[in-house]
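File shown: query38.pdb (PDB, C-alpha atoms).
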```pdb
ATOM      1  CA  MET A  14      27.649  -6.636  -9.198
ATOM      2  CA  MET A  15      31.114  -5.083  -9.629
ATOM      3  CA  PRO A  16      31.204  -1.375 -10.499
ATOM      4  CA  SER A  17      32.573  -2.155 -13.966
ATOM      5  CA  GLU A  18      29.634  -4.492 -14.608
ATOM      6  CA  ARG A  19      26.974  -1.910 -13.789
ATOM      7  CA  GLU A  20      24.262  -1.252 -16.312
ATOM      8  CA  PRO A  21      24.746   2.037 -18.124
ATOM      9  CA  ALA A  22      22.851   4.985 -16.647
ATOM     10  CA  LYS A  23      19.409   5.313 -18.179
ATOM     11  CA  ARG A  24      17.852   8.577 -19.224
ATOM     12  CA  PHE A  25      14.445   9.066 -17.704
ATOM     13  CA  GLU A  26      11.494   9.547 -20.029
ATOM     14  CA  LEU A  27       7.897  10.193 -19.086
ATOM     15  CA  ASP A  28       6.713   8.289 -22.128
ATOM     16  CA  GLU A  29       3.479   6.713 -23.328
ATOM     17  CA  ARG A  30       4.432   3.337 -21.870
ATOM     18  CA  LEU A  31       4.855   4.822 -18.409
ATOM     19  CA  ALA A  32       1.655   6.812 -18.866
ATOM     20  CA  GLN A  33      -0.181   3.585 -19.619
ATOM     21  CA  HIS A  34       1.330   1.990 -16.536
ATOM     22  CA  ILE A  35       0.225   4.938 -14.386
ATOM     23  CA  SER A  36      -3.261   4.763 -15.854
ATOM     24  CA  ASP A  37      -3.439   1.028 -15.126
ATOM     25  CA  ALA A  38      -2.152   1.650 -11.583
ATOM     26  CA  VAL A  39      -4.957   4.135 -10.870
ATOM     27  CA  CYS A  40      -7.598   1.760 -12.229
ATOM     28  CA  VAL A  41      -6.250  -1.236 -10.288
ATOM     29  CA  ALA A  42      -5.970   0.739  -7.019
ATOM     30  CA  ILE A  43      -9.523   2.084  -7.176
ATOM     31  CA  ASN A  44     -11.164  -0.965  -8.708
ATOM     32  CA  THR A  45      -9.539  -3.402  -6.268
ATOM     33  CA  THR A  46     -10.193  -1.312  -3.182
ATOM     34  CA  PHE A  47     -13.739  -0.166  -3.928
ATOM     35  CA  SER A  48     -14.996  -2.802  -6.414
ATOM     36  CA  VAL A  49     -16.146   0.047  -8.618
ATOM     37  CA  SER A  50     -15.813   0.548 -12.345
ATOM     38  CA  ILE A  51     -13.391   3.314 -13.309
ATOM     39  CA  THR A  52     -12.960   4.515 -16.882
ATOM     40  CA  PRO A  53      -9.710   6.020 -18.100
ATOM     41  CA  GLY A  54     -10.159   9.227 -20.077
ATOM     42  CA  GLU A  55      -7.844  11.626 -21.818
ATOM     43  CA  VAL A  56      -4.111  11.722 -21.113
ATOM     44  CA  VAL A  57      -2.404  15.022 -21.816
ATOM     45  CA  PHE A  58       1.360  15.564 -21.910
ATOM     46  CA  GLY A  59       2.775  19.024 -21.421
ATOM     47  CA  GLU A  60       5.541  21.100 -19.915
ATOM     48  CA  GLY A  61       5.468  23.865 -17.345
ATOM     49  CA  MET A  62       2.715  24.859 -14.962
ATOM     50  CA  VAL A  63      -0.624  23.105 -14.778
ATOM     51  CA  SER A  64      -3.510  23.376 -12.304
ATOM     52  CA  LEU A  65      -5.812  20.627 -11.132
ATOM     53  CA  MET A  66      -9.119  21.226  -9.393
ATOM     54  CA  GLY A  67     -10.790  19.005  -6.834
ATOM     55  CA  ASP A  68     -12.069  18.753  -3.274
ATOM     56  CA  VAL A  69      -9.570  16.274  -1.840
ATOM     57  CA  SER A  70      -6.055  15.925  -3.235
ATOM     58  CA  GLY A  71      -3.248  13.545  -2.342
ATOM     59  CA  ILE A  72       0.270  14.646  -3.183
ATOM     60  CA  ILE A  73       3.396  12.567  -2.860
ATOM     61  CA  ALA A  74       6.965  13.563  -3.573
ATOM     62  CA  MET A  75       8.926  11.175  -5.767
ATOM     63  CA  VAL A  76      12.551  11.390  -4.792
ATOM     64  CA  GLN A  77      15.816   9.752  -5.690
ATOM     65  CA  ASP A  78      19.355  11.000  -6.141
ATOM     66  CA  ARG A  79      19.039  12.370  -9.673
ATOM     67  CA  LEU A  80      15.327  12.645 -10.347
ATOM     68  CA  GLU A  81      12.530  14.381  -8.553
ATOM     69  CA  GLY A  82       8.860  14.800  -9.143
ATOM     70  CA  THR A  83       5.379  14.569  -7.750
ATOM     71  CA  LEU A  84       2.276  12.459  -8.054
ATOM     72  CA  THR A  85      -1.043  14.210  -7.413
ATOM     73  CA  VAL A  86      -4.442  12.551  -7.218
ATOM     74  CA  CYS A  87      -7.361  15.009  -7.210
ATOM     75  CA  MET A  88     -10.886  13.798  -6.397
ATOM     76  CA  PRO A  89     -14.317  15.347  -5.858
ATOM     77  CA  THR A  90     -15.970  14.735  -2.482
ATOM     78  CA  GLU A  91     -19.069  13.352  -4.222
ATOM     79  CA  ALA A  92     -17.029  10.535  -5.786
ATOM     80  CA  LEU A  93     -15.664   9.625  -2.367
ATOM     81  CA  ARG A  94     -19.126   9.735  -0.811
ATOM     82  CA  ASP A  95     -20.266   7.308  -3.504
ATOM     83  CA  ILE A  96     -17.426   4.808  -3.295
ATOM     84  CA  LEU A  97     -16.405   4.826   0.388
ATOM     85  CA  PRO A  98     -19.599   3.097   1.635
ATOM     86  CA  ARG A  99     -18.611   0.119  -0.545
ATOM     87  CA  VAL A 100     -15.758  -0.497   1.901
ATOM     88  CA  LEU A 101     -16.976   1.110   5.106
ATOM     89  CA  GLY A 102     -20.531  -0.159   4.892
ATOM     90  CA  HIS A 103     -23.703   1.629   3.883
ATOM     91  CA  GLY A 104     -25.314   3.810   6.510
ATOM     92  CA  ILE A 105     -22.016   4.925   8.018
ATOM     93  CA  PRO A 106     -21.610   8.692   7.582
ATOM     94  CA  VAL A 107     -18.584   9.539   5.447
ATOM     95  CA  THR A 108     -16.533  12.055   7.402
ATOM     96  CA  ARG A 109     -13.831  14.480   6.338
ATOM     97  CA  ASP A 110     -11.206  12.294   8.007
ATOM     98  CA  MET A 111     -12.407   9.275   6.038
ATOM     99  CA  THR A 112     -12.159  11.063   2.682
ATOM    100  CA  SER A 113      -8.718  12.337   3.603
ATOM    101  CA  ASP A 114      -7.599   8.865   4.657
ATOM    102  CA  ALA A 115      -8.981   7.330   1.448
ATOM    103  CA  VAL A 116      -7.270   9.755  -0.921
ATOM    104  CA  GLY A 117      -4.014   9.394   1.021
ATOM    105  CA  GLU A 118      -4.156   5.619   0.615
ATOM    106  CA  ILE A 119      -5.181   5.770  -3.054
ATOM    107  CA  THR A 120      -2.182   8.053  -3.690
ATOM    108  CA  ASN A 121       0.002   5.636  -1.770
ATOM    109  CA  LEU A 122      -1.237   2.621  -3.758
ATOM    110  CA  VAL A 123      -0.749   4.366  -7.099
ATOM    111  CA  PHE A 124       2.722   5.551  -6.159
ATOM    112  CA  GLY A 125       3.651   2.050  -4.995
ATOM    113  CA  GLN A 126       2.884   0.702  -8.462
ATOM    114  CA  ILE A 127       4.600   3.556 -10.297
ATOM    115  CA  LYS A 128       7.647   3.070  -8.098
ATOM    116  CA  THR A 129       7.758  -0.630  -8.951
ATOM    117  CA  GLU A 130       7.730   0.145 -12.676
ATOM    118  CA  LEU A 131      10.386   2.863 -12.357
ATOM    119  CA  ASN A 132      12.567   0.654 -10.200
ATOM    120  CA  GLN A 133      12.433  -2.061 -12.844
ATOM    121  CA  ARG A 134      13.718   0.540 -15.309
ATOM    122  CA  GLY A 135      16.634   1.308 -13.008
ATOM    123  CA  HIS A 136      15.192   4.490 -11.486
ATOM    124  CA  VAL A 137      15.181   3.579  -7.831
ATOM    125  CA  PHE A 138      12.796   5.805  -5.896
ATOM    126  CA  ARG A 139      12.292   5.917  -2.177
ATOM    127  CA  LEU A 140       8.807   5.618  -0.769
ATOM    128  CA  GLY A 141       7.336   8.961   0.233
ATOM    129  CA  ILE A 142       4.492   9.746   2.568
ATOM    130  CA  PRO A 143       1.462  11.396   0.959
ATOM    131  CA  SER A 144       0.082  14.764   2.065
ATOM    132  CA  VAL A 145      -3.634  15.386   1.678
ATOM    133  CA  ILE A 146      -5.296  18.725   0.978
ATOM    134  CA  GLN A 147      -9.008  19.272   1.630
ATOM    135  CA  GLY A 148     -11.129  22.158   0.406
ATOM    136  CA  LYS A 149     -14.151  22.378  -1.874
ATOM    137  CA  GLY A 150     -13.028  23.282  -5.393
ATOM    138  CA  HIS A 151      -9.404  23.954  -4.519
ATOM    139  CA  PHE A 152      -6.648  24.228  -7.106
ATOM    140  CA  VAL A 153      -3.343  22.396  -6.999
ATOM    141  CA  SER A 154      -0.814  24.190  -9.178
ATOM    142  CA  GLN A 155       2.225  22.207 -10.208
ATOM    143  CA  PHE A 156       5.428  23.865 -11.327
ATOM    144  CA  HIS A 157       7.927  21.608 -13.034
ATOM    145  CA  ARG A 158      10.738  22.123 -15.462
ATOM    146  CA  GLY A 159      10.170  18.844 -17.256
ATOM    147  CA  ARG A 160       7.394  16.970 -18.938
ATOM    148  CA  TYR A 161       4.214  16.141 -17.072
ATOM    149  CA  MET A 162       1.259  13.913 -17.755
ATOM    150  CA  LEU A 163      -2.264  14.742 -16.708
ATOM    151  CA  ALA A 164      -4.686  11.833 -16.889
ATOM    152  CA  SER A 165      -8.409  11.967 -16.296
ATOM    153  CA  PHE A 166     -10.632   9.129 -15.102
ATOM    154  CA  HIS A 167     -14.318   8.790 -14.491
ATOM    155  CA  ILE A 168     -16.236   6.955 -11.817
ATOM    156  CA  GLU A 169     -19.781   7.271 -13.083
ATOM    157  CA  ASN A 170     -20.003  11.032 -13.703
ATOM    158  CA  HIS A 171     -17.237  12.036 -11.309
ATOM    159  CA  LEU A 172     -13.936  13.312 -12.684
ATOM    160  CA  ILE A 173     -10.669  12.177 -11.105
ATOM    161  CA  GLN A 174      -7.423  13.792 -12.189
ATOM    162  CA  VAL A 175      -3.954  12.330 -11.789
ATOM    163  CA  HIS A 176      -0.872  14.400 -12.483
ATOM    164  CA  VAL A 177       2.658  13.016 -12.636
ATOM    165  CA  ALA A 178       5.733  15.117 -13.265
ATOM    166  CA  ILE A 179       9.292  13.895 -13.028
ATOM    167  CA  HIS A 180      12.408  15.684 -14.095
ATOM    168  CA  GLY A 181      16.136  15.304 -13.671
ATOM    169  CA  GLY A 182      19.144  13.613 -15.194
ATOM    170  CA  ALA A 183      20.326  10.121 -15.881
ATOM    171  CA  CYS A 184      19.826   7.477 -13.253
ATOM    172  CA  ASP A 185      22.482   5.406 -11.552
ATOM    173  CA  PRO A 186      21.103   1.855 -11.191
ATOM    174  CA  SER A 187      23.166   1.354  -8.046
ATOM    175  CA  CYS A 188      21.166   3.992  -6.108
ATOM    176  CA  ALA A 189      20.374   2.623  -2.666
ATOM    177  CA  ASP A 190      16.734   2.274  -1.791
ATOM    178  CA  ALA A 191      15.141   2.069   1.617
ATOM    179  CA  PRO A 192      11.628   2.614   2.852
TER     180      PRO A 192
ATOM    181  CA  MET B  19      -8.134 -24.079  15.793
ATOM    182  CA  THR B  20      -9.247 -26.614  13.225
ATOM    183  CA  GLN B  21     -10.235 -24.558  10.222
ATOM    184  CA  LEU B  22      -9.487 -21.320   8.417
ATOM    185  CA  SER B  23     -12.526 -19.564   9.833
ATOM    186  CA  ASP B  24     -11.225 -20.133  13.373
ATOM    187  CA  LEU B  25      -8.207 -17.887  12.780
ATOM    188  CA  LYS B  26      -7.747 -14.832  14.946
ATOM    189  CA  VAL B  27      -6.254 -11.949  12.963
ATOM    190  CA  LEU B  28      -4.842  -8.515  13.757
ATOM    191  CA  VAL B  29      -4.706  -5.987  10.896
ATOM    192  CA  VAL B  30      -2.149  -3.216  11.444
ATOM    193  CA  ASP B  31      -2.297  -0.215   9.121
ATOM    194  CA  ASP B  32      -2.377   3.531   9.688
ATOM    195  CA  HIS B  33      -5.094   3.923   7.035
ATOM    196  CA  PHE B  34      -8.650   3.322   8.188
ATOM    197  CA  LEU B  35      -9.614   2.428   4.622
ATOM    198  CA  VAL B  36      -7.097  -0.430   4.468
ATOM    199  CA  ARG B  37      -8.049  -1.761   7.879
ATOM    200  CA  GLN B  38     -11.686  -1.893   6.838
ATOM    201  CA  PHE B  39     -10.899  -3.315   3.375
ATOM    202  CA  VAL B  40      -8.810  -6.142   4.840
ATOM    203  CA  ARG B  41     -11.421  -6.818   7.518
ATOM    204  CA  ASN B  42     -14.066  -7.152   4.791
ATOM    205  CA  THR B  43     -11.836  -9.452   2.732
ATOM    206  CA  LEU B  44     -11.178 -11.672   5.752
ATOM    207  CA  GLN B  45     -14.862 -11.777   6.599
ATOM    208  CA  GLU B  46     -15.603 -12.935   3.048
ATOM    209  CA  ALA B  47     -13.278 -15.847   3.880
ATOM    210  CA  LYS B  48     -15.503 -16.446   6.972
ATOM    211  CA  ILE B  49     -12.810 -15.165   9.331
ATOM    212  CA  ASN B  50     -14.749 -13.053  11.804
ATOM    213  CA  ASP B  51     -12.313 -12.739  14.705
ATOM    214  CA  VAL B  52     -10.545  -9.714  13.228
ATOM    215  CA  GLN B  53      -9.161  -6.811  15.218
ATOM    216  CA  THR B  54      -7.289  -3.744  14.041
ATOM    217  CA  ALA B  55      -4.476  -1.464  15.170
ATOM    218  CA  ALA B  56      -3.581   1.903  13.670
ATOM    219  CA  ASP B  57       0.159   1.871  14.374
ATOM    220  CA  GLY B  58       3.064  -0.291  15.428
ATOM    221  CA  ASN B  59       2.928   0.630  19.123
ATOM    222  CA  GLU B  60      -0.736  -0.254  19.379
ATOM    223  CA  ALA B  61      -0.019  -3.525  17.557
ATOM    224  CA  ILE B  62       2.757  -4.479  19.987
ATOM    225  CA  ASP B  63       0.471  -3.808  22.963
ATOM    226  CA  MET B  64      -2.410  -5.789  21.467
ATOM    227  CA  VAL B  65      -0.304  -8.790  20.440
ATOM    228  CA  GLN B  66       1.373  -8.973  23.870
ATOM    229  CA  LYS B  67      -1.886  -8.539  25.755
ATOM    230  CA  ALA B  68      -3.611 -11.231  23.701
ATOM    231  CA  HIS B  69      -0.692 -13.587  24.288
ATOM    232  CA  GLU B  70      -0.670 -13.002  28.044
ATOM    233  CA  THR B  71      -4.330 -12.735  28.889
ATOM    234  CA  GLU B  72      -6.496 -14.325  26.202
ATOM    235  CA  ARG B  73      -6.186 -16.258  22.971
ATOM    236  CA  PRO B  74      -3.105 -15.172  20.963
ATOM    237  CA  TYR B  75      -3.425 -13.927  17.406
ATOM    238  CA  ASP B  76      -2.779 -16.492  14.695
ATOM    239  CA  ILE B  77      -1.962 -13.911  12.024
ATOM    240  CA  VAL B  78      -0.691 -10.331  12.287
ATOM    241  CA  LEU B  79      -0.907  -8.403   9.006
ATOM    242  CA  LEU B  80       1.585  -5.541   9.048
ATOM    243  CA  ASP B  81       1.829  -2.431   6.910
ATOM    244  CA  TRP B  82       5.471  -1.411   6.456
ATOM    245  CA  ASN B  83       5.324   2.388   6.568
ATOM    246  CA  MET B  84       3.497   3.671   9.610
ATOM    247  CA  PRO B  85       4.064   6.594  11.953
ATOM    248  CA  THR B  86       6.260   5.997  15.024
ATOM    249  CA  VAL B  87       6.922   2.229  14.771
ATOM    250  CA  SER B  88       7.084   0.564  11.342
ATOM    251  CA  GLY B  89       5.756  -2.854  10.483
ATOM    252  CA  LEU B  90       9.300  -4.145  10.062
ATOM    253  CA  GLU B  91      10.159  -2.976  13.572
ATOM    254  CA  VAL B  92       7.111  -4.787  14.938
ATOM    255  CA  LEU B  93       8.208  -7.918  13.080
ATOM    256  CA  ASN B  94      11.770  -7.664  14.436
ATOM    257  CA  TYR B  95      10.442  -7.110  17.954
ATOM    258  CA  PHE B  96       8.333 -10.276  18.008
ATOM    259  CA  ARG B  97      10.709 -12.501  16.085
ATOM    260  CA  ALA B  98      13.258 -11.889  18.851
ATOM    261  CA  LYS B  99      10.825 -13.536  21.276
ATOM    262  CA  PRO B 100      10.543 -17.349  20.924
ATOM    263  CA  GLU B 101       7.050 -17.424  22.455
ATOM    264  CA  TYR B 102       5.694 -15.808  19.263
ATOM    265  CA  ALA B 103       7.327 -18.322  16.911
ATOM    266  CA  ASN B 104       3.970 -19.858  15.969
ATOM    267  CA  THR B 105       2.359 -16.516  15.131
ATOM    268  CA  ALA B 106       2.295 -15.671  11.426
ATOM    269  CA  PHE B 107       3.576 -12.141  10.820
ATOM    270  CA  VAL B 108       2.713 -11.089   7.289
ATOM    271  CA  MET B 109       3.793  -7.896   5.564
ATOM    272  CA  LEU B 110       0.981  -6.173   3.639
ATOM    273  CA  THR B 111       2.552  -3.157   2.000
ATOM    274  CA  VAL B 112       3.137  -1.155  -1.171
ATOM    275  CA  GLU B 113       6.876  -1.823  -0.786
ATOM    276  CA  SER B 114       7.567  -4.034  -3.777
ATOM    277  CA  GLU B 115      11.351  -3.962  -4.198
ATOM    278  CA  GLN B 116      13.059  -7.321  -4.058
ATOM    279  CA  GLN B 117      15.548  -6.092  -1.466
ATOM    280  CA  ASN B 118      12.740  -5.021   0.876
ATOM    281  CA  ILE B 119      10.936  -8.317   0.417
ATOM    282  CA  MET B 120      14.191 -10.111   1.262
ATOM    283  CA  LYS B 121      14.719  -7.847   4.265
ATOM    284  CA  ALA B 122      11.296  -8.789   5.626
ATOM    285  CA  ILE B 123      11.712 -12.494   4.918
ATOM    286  CA  LYS B 124      15.150 -12.476   6.592
ATOM    287  CA  ALA B 125      13.568 -10.741   9.597
ATOM    288  CA  GLY B 126      11.141 -13.650   9.847
ATOM    289  CA  ALA B 127       8.056 -12.596   7.900
ATOM    290  CA  THR B 128       5.852 -15.596   7.254
ATOM    291  CA  SER B 129       4.615 -14.135   4.000
ATOM    292  CA  TYR B 130       4.627 -10.912   1.996
ATOM    293  CA  MET B 131       1.748  -9.281   0.127
ATOM    294  CA  ILE B 132       1.972  -6.210  -2.069
ATOM    295  CA  LYS B 133      -0.949  -3.790  -2.014
ATOM    296  CA  PRO B 134      -3.363  -3.580  -3.660
ATOM    297  CA  VAL B 135      -4.069  -7.297  -3.280
ATOM    298  CA  LEU B 136      -6.739  -8.817  -5.470
ATOM    299  CA  PRO B 137      -9.256 -10.846  -3.420
ATOM    300  CA  GLY B 138      -8.325 -14.088  -5.242
ATOM    301  CA  ASP B 139      -4.629 -13.573  -4.499
ATOM    302  CA  PHE B 140      -5.459 -12.727  -0.898
ATOM    303  CA  SER B 141      -7.359 -16.015  -0.500
ATOM    304  CA  LYS B 142      -4.445 -18.002  -1.939
ATOM    305  CA  LYS B 143      -1.974 -16.350   0.425
ATOM    306  CA  LEU B 144      -4.318 -16.901   3.317
ATOM    307  CA  ALA B 145      -4.479 -20.624   2.540
ATOM    308  CA  GLU B 146      -0.657 -20.771   2.453
ATOM    309  CA  ILE B 147      -0.413 -18.955   5.774
ATOM    310  CA  TYR B 148      -2.995 -21.287   7.300
ATOM    311  CA  ASP B 149      -0.902 -24.272   6.159
ATOM    312  CA  TRP B 150       2.173 -22.680   7.733
ATOM    313  CA  ILE B 151       0.328 -22.246  11.042
ATOM    314  CA  LEU B 152      -0.872 -25.865  11.006
ATOM    315  CA  ARG B 153       2.627 -27.163  10.290
ATOM    316  CA  LYS B 154       4.081 -25.032  13.087
ATOM    317  CA  ARG B 155       1.493 -26.313  15.537
ATOM    318  CA  GLN B 156       1.998 -29.943  14.470
ATOM    319  CA  ALA B 157       5.747 -29.550  14.950
ATOM    320  CA  ALA B 158       5.207 -27.995  18.366
ATOM    321  CA  ASN B 159       2.846 -30.806  19.405
ATOM    322  CA  ALA B 160       5.301 -33.459  18.185
ATOM    323  CA  LYS B 161       7.993 -31.997  20.442
ATOM    324  CA  LYS B 162       5.793 -32.314  23.532
TER     325      LYS B 162
END
```
I need this file expressed as structure tokens, please.
Amino acid sequence: MMPSEREPAKRFELDERLAQHISDAVCVAINTTFSVSITPGEVVFGEGMVSLMGDVSGIIAMVQDRLEGTLTVCMPTEALRDILPRVLGHGIPVTRDMTSDAVGEITNLVFGQIKTELNQRGHVFRLGIPSVIQGKGHFVSQFHRGRYMLASFHIENHLIQVHVAIHGGACDPSCADAP
Amino acid sequence: MTQLSDLKVLVVDDHFLVRQFVRNTLQEAKINDVQTAADGNEAIDMVQKAHETERPYDIVLLDWNMPTVSGLEVLNYFRAKPEYANTAFVMLTVESEQQNIMKAIKAGATSYMIKPVLPGDFSKKLAEIYDWILRKRQAANAKK
């Protein structure tokens, strides 16, 4: 496409449609991988600092030239102990490394789907590598200038929290992307 | 190799969860000869060793983003070697952008799957890959 034919830059919005897409992405990632029923709960939009609490958290930076943000998936160890044997086999002890690996991959799968949606809107993000934090009842505090969404999900009686915050300016659809 | 269940598969992914998930999915398709590698270097060693000393792999499923050597680098490495022309190298990744899919296909990927893959979609792709392998083998036999 010639420069003069480029689509106009699009303003990023963390809107209800994207929130729904993120919610669907979490459900698909967990349901497909673990064959377990996951129920979406409340979605809260806000601005400024917010803290999530969990035992294992996956965090991934969402980066492109004009926008930046994070995706955080926070899970209790008990949920992981319940769902991991569905993939690993029953009777295999669930280790710390396994829970860390699982949350890292869940974060990766969710981000992959969010990235696809954002790319289709002209916000071309690069793929990041998730970091995983372990610690019983730890807090992840997110500081962002822009709007965030905090979505809760339930697997049986276990609470899973997903936080997405993105802020920045208009996007240039010609941004190069590479893994 | 006469049927799908006779396939020998290598699953390459840095996440234990994915390796086990794919192994389970393949075993549901009655494919039991499944081995795994946790990174690109290990995959290269295993594919070469199998080719030289035992039965080669029919399918190598490759994650894109892995530490040290990426799935795309593994693909490029083997597609430069004619002796691996009949091996199906399949990308299994969260990378969903059209340009990355094209990059992999141009590099010689037999097929491309975007994670998470629903079991039904996985079975369909597997059948397509199996057809590709059969056609490659028939073409190779016809040349002899």
Apply the ChimeraX specification (/A :<6) & /B to the displayed file and report the matching residues as JSON, numbers by chain. {"B": [35, 39, 112]}
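Closest to Val153 in chain A among A:Ser50, A:Ser36, A:Thr83, A:Gln77 is A:Thr83, based on only C-alpha atoms.
This file gives the following result for the PyMOL selection byres ((chain A and resi 81) around 12): Phe25, Ile73, Ala74, Met75, Val76, Gln77, Asp78, Arg79, Leu80, Gly82, Thr83, Leu84, His136, Val137, Phe138, Arg139, Gly141, His157, Arg158, Gly159, Arg160, Val177, Ala178, Ile179, His180, Gly181, Gly182, Ala183 and Cys184 of chain A.
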Give me the result of the PyMOL selection byres ((chain B and resi 105) around 12) on this file, residue by residue, as a PyMOL selection string. chain B and resi 25-28+65-66+68-69+73-79+93+96-97+99-104+106-108+126-129+147-148+150-155
Those same residues, written as a JSON list (two decimals), keeping the file's coordinate frame with C-alpha atoms?
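This is the output file out-v7.json:
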```json
[["chain", "number", "residue", "atom", "x", "y", "z"],
["B", 25, "LEU", "CA", -8.21, -17.89, 12.78],
["B", 26, "LYS", "CA", -7.75, -14.83, 14.95],
["B", 27, "VAL", "CA", -6.25, -11.95, 12.96],
["B", 28, "LEU", "CA", -4.84, -8.52, 13.76],
["B", 65, "VAL", "CA", -0.30, -8.79, 20.44],
["B", 66, "GLN", "CA", 1.37, -8.97, 23.87],
["B", 68, "ALA", "CA", -3.61, -11.23, 23.70],
["B", 69, "HIS", "CA", -0.69, -13.59, 24.29],
["B", 73, "ARG", "CA", -6.19, -16.26, 22.97],
["B", 74, "PRO", "CA", -3.10, -15.17, 20.96],
["B", 75, "TYR", "CA", -3.42, -13.93, 17.41],
["B", 76, "ASP", "CA", -2.78, -16.49, 14.70],
["B", 77, "ILE", "CA", -1.96, -13.91, 12.02],
["B", 78, "VAL", "CA", -0.69, -10.33, 12.29],
["B", 79, "LEU", "CA", -0.91, -8.40, 9.01],
["B", 93, "LEU", "CA", 8.21, -7.92, 13.08],
["B", 96, "PHE", "CA", 8.33, -10.28, 18.01],
["B", 97, "ARG", "CA", 10.71, -12.50, 16.08],
["B", 99, "LYS", "CA", 10.82, -13.54, 21.28],
["B", 100, "PRO", "CA", 10.54, -17.35, 20.92],
["B", 101, "GLU", "CA", 7.05, -17.42, 22.46],
["B", 102, "TYR", "CA", 5.69, -15.81, 19.26],
["B", 103, "ALA", "CA", 7.33, -18.32, 16.91],
["B", 104, "ASN", "CA", 3.97, -19.86, 15.97],
["B", 106, "ALA", "CA", 2.30, -15.67, 11.43],
["B", 107, "PHE", "CA", 3.58, -12.14, 10.82],
["B", 108, "VAL", "CA", 2.71, -11.09, 7.29],
["B", 126, "GLY", "CA", 11.14, -13.65, 9.85],
["B", 127, "ALA", "CA", 8.06, -12.60, 7.90],
["B", 128, "THR", "CA", 5.85, -15.60, 7.25],
["B", 129, "SER", "CA", 4.62, -14.14, 4.00],
["B", 147, "ILE", "CA", -0.41, -18.95, 5.77],
["B", 148, "TYR", "CA", -3.00, -21.29, 7.30],
["B", 150, "TRP", "CA", 2.17, -22.68, 7.73],
["B", 151, "ILE", "CA", 0.33, -22.25, 11.04],
["B", 152, "LEU", "CA", -0.87, -25.86, 11.01],
["B", 153, "ARG", "CA", 2.63, -27.16, 10.29],
["B", 154, "LYS", "CA", 4.08, -25.03, 13.09],
["B", 155, "ARG", "CA", 1.49, -26.31, 15.54]]
```
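Nearest to Leu80 in chain B of all the residues B:Met64, B:Ala125, B:Val29, B:Ala98 is B:Val29, counting only C-alpha atoms.
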Hey, what's within 8 Å of Asp81 in chain B if we count all atoms listed in the file and toss same-chain stuff fewer than 6 positions away? As a PyMOL selection string, please? chain B and resi 30-32+88-89+109-111
To one decimal in Å, tell me the separation between CA of His34 in chain A and CA of Thr90 in chain A. 25.7 Å
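Using all atoms listed in the file for every distance, the candidate list A:Val49, A:Val57, A:Leu65, A:Ile173 yields A:Val57 as the residue closest to Gln33 in chain A.
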Between CA of Asn59 in chain B and CA of Val92 in chain B, what distance in Å does the model show, to one decimal? 8.0 Å
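Here CA of Pro106 in chain A and CA of Val52 in chain B stand 22.2 Å from one another.
The shortest atom-to-atom distance to Pro143 in chain A, with only C-alpha atoms taken into account, belongs to A:Gly71 out of A:Leu163, A:Gly71, A:Glu169, A:Arg30.
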What lies within 9 Å of Glu55 in chain A using only C-alpha atoms, ignoring chain neighbours under 3 positions off, as JSON, numbers by chain? {"A": [163, 164, 165, 166]}
Go ahead and save the picked residues with C-alpha atoms, as a short mmCIF file (atom, residue, chain, number, x, y, z; two decimals), in the frame of the given file.
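To be explicit, this is the file written out as part-v7.cif:
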```cif
data_model
loop_
_atom_site.label_atom_id
_atom_site.label_comp_id
_atom_site.auth_asym_id
_atom_site.auth_seq_id
_atom_site.Cartn_x
_atom_site.Cartn_y
_atom_site.Cartn_z
CA LEU A 163 -2.26 14.74 -16.71
CA ALA A 164 -4.69 11.83 -16.89
CA SER A 165 -8.41 11.97 -16.30
CA PHE A 166 -10.63 9.13 -15.10
#
```
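With all atoms listed in the file as the atoms that count, the minimum distance from Phe34 in chain B to the choices B:Glu46, B:Glu72, B:Asp57, B:Asp139 is reached by B:Asp57.
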